[in-house]
Amino acid sequence: MITTVYGKSLVEWTAEYPLLTPILAGKPVSWFNPKIAPLVEALNDIELGPQDVRQASERLQRFAPLLAQVFSEVAAAKGIIESELVDVPSFAQALCERYGIDKPVRLLLKKDSHLPISGSVKARGGIYEVLCHAEQLALKSGLLHQSDDYRCMAEDPCRTLFNAHKIAVGSTGNLGMSIGMAASRLGFAATVHMSADARQWKKDKLRAHGVTVIEHAGDYGQAVEQGRRQAQADPYCYFIDDENSKTLFLGYSVAGERLKQQFEQQGIVVDAQHPLFVYLPCGVGGGPGGIAFGLKLAFGDHVHCIFAEPTESPCMLMGVYTGLHDRLSVQDFGISNRTAADGLAVGRPSGFVGRSMQRMLDGFYTVTDDELLMLLRLLNQTEDIQLEPSALAGAPGVAHVLHESQGYLDRLGFCNSLAASATHLIWATGGGMVPASEMDAYLGEAH
Ligand SMILES: *Cc1c(COP(=O)(O)O)cnc(C)c1O
């Protein structure tokens, strides 16, 4: 039984932060951020800007011909790793019935679940950081110039150079998949430190692609810690630090301008009259944080980003709500950090993301595992789209926004009808590579 956390009793914590009472009881909650600020102000909290996102975007362009050559999955898209944006009207209707929403809702699904190469949102940040590292090594050794055709990196002598270097990462599964696949295909020796909750099929798939998988008994934080320590002892090993990497963050952020293009192509307007609400599943925070940053730069104050976490791993919500950020782990408060949403099973949030984004994020909510599995089955039934549990975390968001009673919509200057006429977007973060037998188990698990 926990009584004292960081020098304060639980009674004192809950008196100061009342939302902790339902959070600690494992109940789903929502919290709309009173510190939300106009973008021009909120940007003061972050040391990155539009020029950094532009550079990331240009880097991905330089690499596109190489990716098209090395990964047949992206040859047709000329080496650009991007996902589909689809309408899900039947799912929207089912959600409205389930959550008692009496107005029609325009609901879109961003299918990062089906991104090529690794079948999850990690194909944005993870692959990008591997590319950055490869580029740096090749530039530094004089084997590459920025104006070269980057396909030279698939040939000797670059290949020999990469063979002599290692890339390591700690992961609950999907980041390891993305980094392992990209690193090994470019010729690096890749090591993935997997947490205990990582799925067997992800480990098998990586091993089949020549990646070294080290299994740890502990959770994500411990896998990262041990991986980091091992990598530090080896000067040829580059460790990708998911908790604090600005490179990963920038890889994700390119999604903002890409989504804006897709909206333009599909004729979907985002402006003061037509706000966009985006619901992003959050683990350590780099993925949703980077995407939210990119969305803010692309759509300005007309986009509203809301993070979703499991009731058993609400680390970013608690970090931002209490201001403790990465000084906090949910386990210190007696929360289990055990969830079927393996991509989200993170107990300690990224301090970088929490501090940099704390006035750019409109809100946070939590969702139970039972609800995730129910929603997984509902999406399968209504739209025949299969996702992994984590990726459904964004689905209840529209109900939290439309039913909110914390004065959030008023603060934004919206009456409820305007929010109902907005566009709502669920960021589907993973599931495209889940084997059929696993998916059947997920579908059977729902009740
Ligand atoms: C990693 C992951 C997330 C969240 O990304 P973070 O950077 O950990 O916050 C969400 N969904 C899935 C499926 C993931 O793999």
# chains A, B, ... in the order shown; residues from 1 in each chain; ligands from 1
call {"tool": "residues_around", "arguments": {"residues": "Ser113 (chain A)", "least_positions_apart": "5", "cutoff": "12 Å", "atoms": "only C-alpha atoms", "output": "MDAnalysis selection string"}}
result
chainID A and resid 82:85 118:124 174 281 343 385:392 426:434
call {"tool": "write_last_selection", "arguments": {"atoms": "N, CA and C atoms", "output": "mmCIF file, in the first residue's frame"}}
result
data_model
loop_
_atom_site.group_PDB
_atom_site.id
_atom_site.type_symbol
_atom_site.label_atom_id
_atom_site.label_comp_id
_atom_site.auth_asym_id
_atom_site.auth_seq_id
_atom_site.Cartn_x
_atom_site.Cartn_y
_atom_site.Cartn_z
ATOM 1 N N GLU A 82 3.954 7.101 -46.442
ATOM 2 C CA GLU A 82 2.779 7.874 -46.004
ATOM 3 C C GLU A 82 1.573 6.956 -45.965
ATOM 4 N N SER A 83 0.590 7.344 -45.147
ATOM 5 C CA SER A 83 -0.593 6.494 -44.968
ATOM 6 C C SER A 83 -1.833 7.148 -45.559
ATOM 7 N N GLU A 84 -2.852 6.342 -45.705
ATOM 8 C CA GLU A 84 -4.135 6.807 -46.240
ATOM 9 C C GLU A 84 -4.942 7.554 -45.184
ATOM 10 N N LEU A 85 -5.757 8.474 -45.666
ATOM 11 C CA LEU A 85 -6.732 9.169 -44.820
ATOM 12 C C LEU A 85 -8.112 8.745 -45.317
ATOM 13 N N SER A 118 6.856 -0.957 -41.392
ATOM 14 C CA SER A 118 6.704 -1.500 -40.042
ATOM 15 C C SER A 118 5.272 -1.507 -39.508
ATOM 16 N N GLY A 119 4.293 -1.064 -40.310
ATOM 17 C CA GLY A 119 2.894 -1.210 -39.897
ATOM 18 C C GLY A 119 2.490 -0.455 -38.648
ATOM 19 N N SER A 120 3.171 0.655 -38.375
ATOM 20 C CA SER A 120 2.746 1.483 -37.248
ATOM 21 C C SER A 120 3.290 2.891 -37.423
ATOM 22 N N VAL A 121 2.827 3.774 -36.569
ATOM 23 C CA VAL A 121 3.246 5.172 -36.576
ATOM 24 C C VAL A 121 4.769 5.294 -36.472
ATOM 25 N N LYS A 122 5.421 4.261 -35.906
ATOM 26 C CA LYS A 122 6.875 4.300 -35.722
ATOM 27 C C LYS A 122 7.635 4.314 -37.049
ATOM 28 N N ALA A 123 6.932 4.004 -38.135
ATOM 29 C CA ALA A 123 7.593 4.085 -39.437
ATOM 30 C C ALA A 123 7.924 5.549 -39.767
ATOM 31 N N ARG A 124 7.327 6.490 -39.042
ATOM 32 C CA ARG A 124 7.687 7.896 -39.272
ATOM 33 C C ARG A 124 8.979 8.235 -38.526
ATOM 34 N N ASN A 174 6.814 -1.853 -31.347
ATOM 35 C CA ASN A 174 6.714 -1.212 -32.655
ATOM 36 C C ASN A 174 7.924 -0.355 -33.023
ATOM 37 N N PRO A 281 -3.152 8.455 -29.765
ATOM 38 C CA PRO A 281 -2.713 7.553 -28.708
ATOM 39 C C PRO A 281 -1.301 7.915 -28.256
ATOM 40 N N GLY A 343 1.830 -0.727 -27.256
ATOM 41 C CA GLY A 343 2.559 0.481 -27.667
ATOM 42 C C GLY A 343 2.429 1.624 -26.676
ATOM 43 N N ILE A 385 -11.878 -2.729 -40.899
ATOM 44 C CA ILE A 385 -10.494 -2.267 -40.716
ATOM 45 C C ILE A 385 -9.979 -2.881 -39.423
ATOM 46 N N GLN A 386 -8.773 -3.487 -39.500
ATOM 47 C CA GLN A 386 -8.234 -4.176 -38.339
ATOM 48 C C GLN A 386 -7.044 -3.401 -37.763
ATOM 49 N N LEU A 387 -7.141 -3.079 -36.485
ATOM 50 C CA LEU A 387 -6.074 -2.351 -35.796
ATOM 51 C C LEU A 387 -5.644 -3.110 -34.556
ATOM 52 N N GLU A 388 -4.490 -2.725 -33.988
ATOM 53 C CA GLU A 388 -4.126 -3.290 -32.694
ATOM 54 C C GLU A 388 -4.744 -2.429 -31.588
ATOM 55 N N PRO A 389 -4.875 -2.963 -30.363
ATOM 56 C CA PRO A 389 -5.639 -2.252 -29.325
ATOM 57 C C PRO A 389 -5.205 -0.797 -29.113
ATOM 58 N N SER A 390 -3.889 -0.544 -29.067
ATOM 59 C CA SER A 390 -3.398 0.826 -28.859
ATOM 60 C C SER A 390 -4.043 1.814 -29.813
ATOM 61 N N ALA A 391 -4.208 1.379 -31.043
ATOM 62 C CA ALA A 391 -4.615 2.289 -32.117
ATOM 63 C C ALA A 391 -6.065 2.720 -31.991
ATOM 64 N N LEU A 392 -6.818 2.063 -31.118
ATOM 65 C CA LEU A 392 -8.216 2.445 -30.919
ATOM 66 C C LEU A 392 -8.366 3.525 -29.854
ATOM 67 N N ILE A 426 -9.260 10.374 -35.935
ATOM 68 C CA ILE A 426 -8.629 9.381 -35.068
ATOM 69 C C ILE A 426 -7.302 8.979 -35.700
ATOM 70 N N TRP A 427 -6.211 9.151 -34.966
ATOM 71 C CA TRP A 427 -4.912 8.734 -35.498
ATOM 72 C C TRP A 427 -4.733 7.252 -35.157
ATOM 73 N N ALA A 428 -4.887 6.405 -36.169
ATOM 74 C CA ALA A 428 -4.773 4.950 -35.970
ATOM 75 C C ALA A 428 -3.305 4.579 -36.058
ATOM 76 N N THR A 429 -2.714 4.181 -34.939
ATOM 77 C CA THR A 429 -1.255 4.133 -34.865
ATOM 78 C C THR A 429 -0.620 2.773 -35.139
ATOM 79 N N GLY A 430 -1.405 1.712 -35.188
ATOM 80 C CA GLY A 430 -0.744 0.427 -35.429
ATOM 81 C C GLY A 430 -1.726 -0.700 -35.695
ATOM 82 N N GLY A 431 -1.190 -1.780 -36.229
ATOM 83 C CA GLY A 431 -2.023 -2.974 -36.412
ATOM 84 C C GLY A 431 -1.920 -3.621 -37.778
ATOM 85 N N GLY A 432 -1.326 -2.890 -38.733
ATOM 86 C CA GLY A 432 -1.305 -3.379 -40.106
ATOM 87 C C GLY A 432 -0.547 -4.687 -40.305
ATOM 88 N N MET A 433 0.332 -5.018 -39.384
ATOM 89 C CA MET A 433 1.121 -6.242 -39.575
ATOM 90 C C MET A 433 0.797 -7.327 -38.557
ATOM 91 N N VAL A 434 -0.251 -7.120 -37.785
ATOM 92 C CA VAL A 434 -0.642 -8.133 -36.802
ATOM 93 C C VAL A 434 -1.046 -9.404 -37.547
#
call {"tool": "closest_atom_pairs", "arguments": {"of": "region 312-421 of chain A", "to": "region 86-99 of chain A", "cutoff": "8 Å", "atoms": "only C-alpha atoms", "output": "CSV"}}
result
residue,atom,partner,partner_atom,distance
A:Leu378,CA,A:Phe91,CA,7.1
A:Leu379,CA,A:Phe91,CA,5.9
A:Thr382,CA,A:Phe91,CA,5.5
A:Glu383,CA,A:Phe91,CA,6.5
A:Ala395,CA,A:Leu95,CA,8.0
A:Pro396,CA,A:Leu95,CA,7.7
A:Ala399,CA,A:Tyr99,CA,6.2
call {"tool": "select_by_dssp", "arguments": {"residues": "region 165-279 of chain A", "states": "helix (DSSP H, G or I)", "output": "NGL selection string"}}
result
:A and (174-186 or 200-208 or 220-232 or 246-253 or 255-265)
call {"tool": "residues_around", "arguments": {"residues": "His274 (chain A)", "least_positions_apart": "2", "cutoff": "8 Å", "atoms": "only C-alpha atoms", "output": "PyMOL selection string"}}
result
chain A and resi 269-272+276+302+418+421-423
call {"tool": "closest_residue", "arguments": {"among": "A:Gln51, A:Gln136, A:Ser313, A:Gln331", "to": "ligand 1", "atoms": "only C-alpha atoms and all ligand atoms"}}
result
A:Ser313
call {"tool": "atom_distance", "arguments": {"atom1": "CA of Gly251 (chain A)", "atom2": "CA of Met181 (chain A)"}}
result
16.3 Å
call {"tool": "atom_distance", "arguments": {"atom1": "CA of Ala345 (chain A)", "atom2": "CA of Leu259 (chain A)"}}
result
26.9 Å
call {"tool": "closest_residue", "arguments": {"among": "A:Leu175, A:Val224, A:Ala182, A:Ala208", "to": "ligand 1", "atoms": "only C-alpha atoms and all ligand atoms"}}
result
A:Leu175
call {"tool": "residues_around", "arguments": {"residues": "Ile179 (chain A)", "least_positions_apart": "6", "cutoff": "9 Å", "atoms": "only C-alpha atoms", "output": "MDAnalysis selection string"}}
result
chainID A and resid 118 122:123 125:130 167:169 190 192 240
call {"tool": "atom_distance", "arguments": {"atom1": "CA of Glu58 (chain A)", "atom2": "CA of His145 (chain A)"}}
result
14.6 Å
call {"tool": "residues_around", "arguments": {"residues": "Ala308 (chain A)", "least_positions_apart": "4", "cutoff": "7 Å", "atoms": "only C-alpha atoms", "output": "PyMOL selection string"}}
result
chain A and resi 279-282+364-366+393-394
call {"tool": "closest_residue", "arguments": {"among": "A:Val11, A:Ala198, A:Cys152, A:Ala164", "to": "Arg338 (chain A)", "atoms": "only C-alpha atoms"}}
result
A:Ala198
call {"tool": "closest_residue", "arguments": {"among": "A:Gly363, A:Gly180, A:Gly256, A:Gly173", "to": "ligand 1", "atoms": "only C-alpha atoms and all ligand atoms"}}
result
A:Gly173
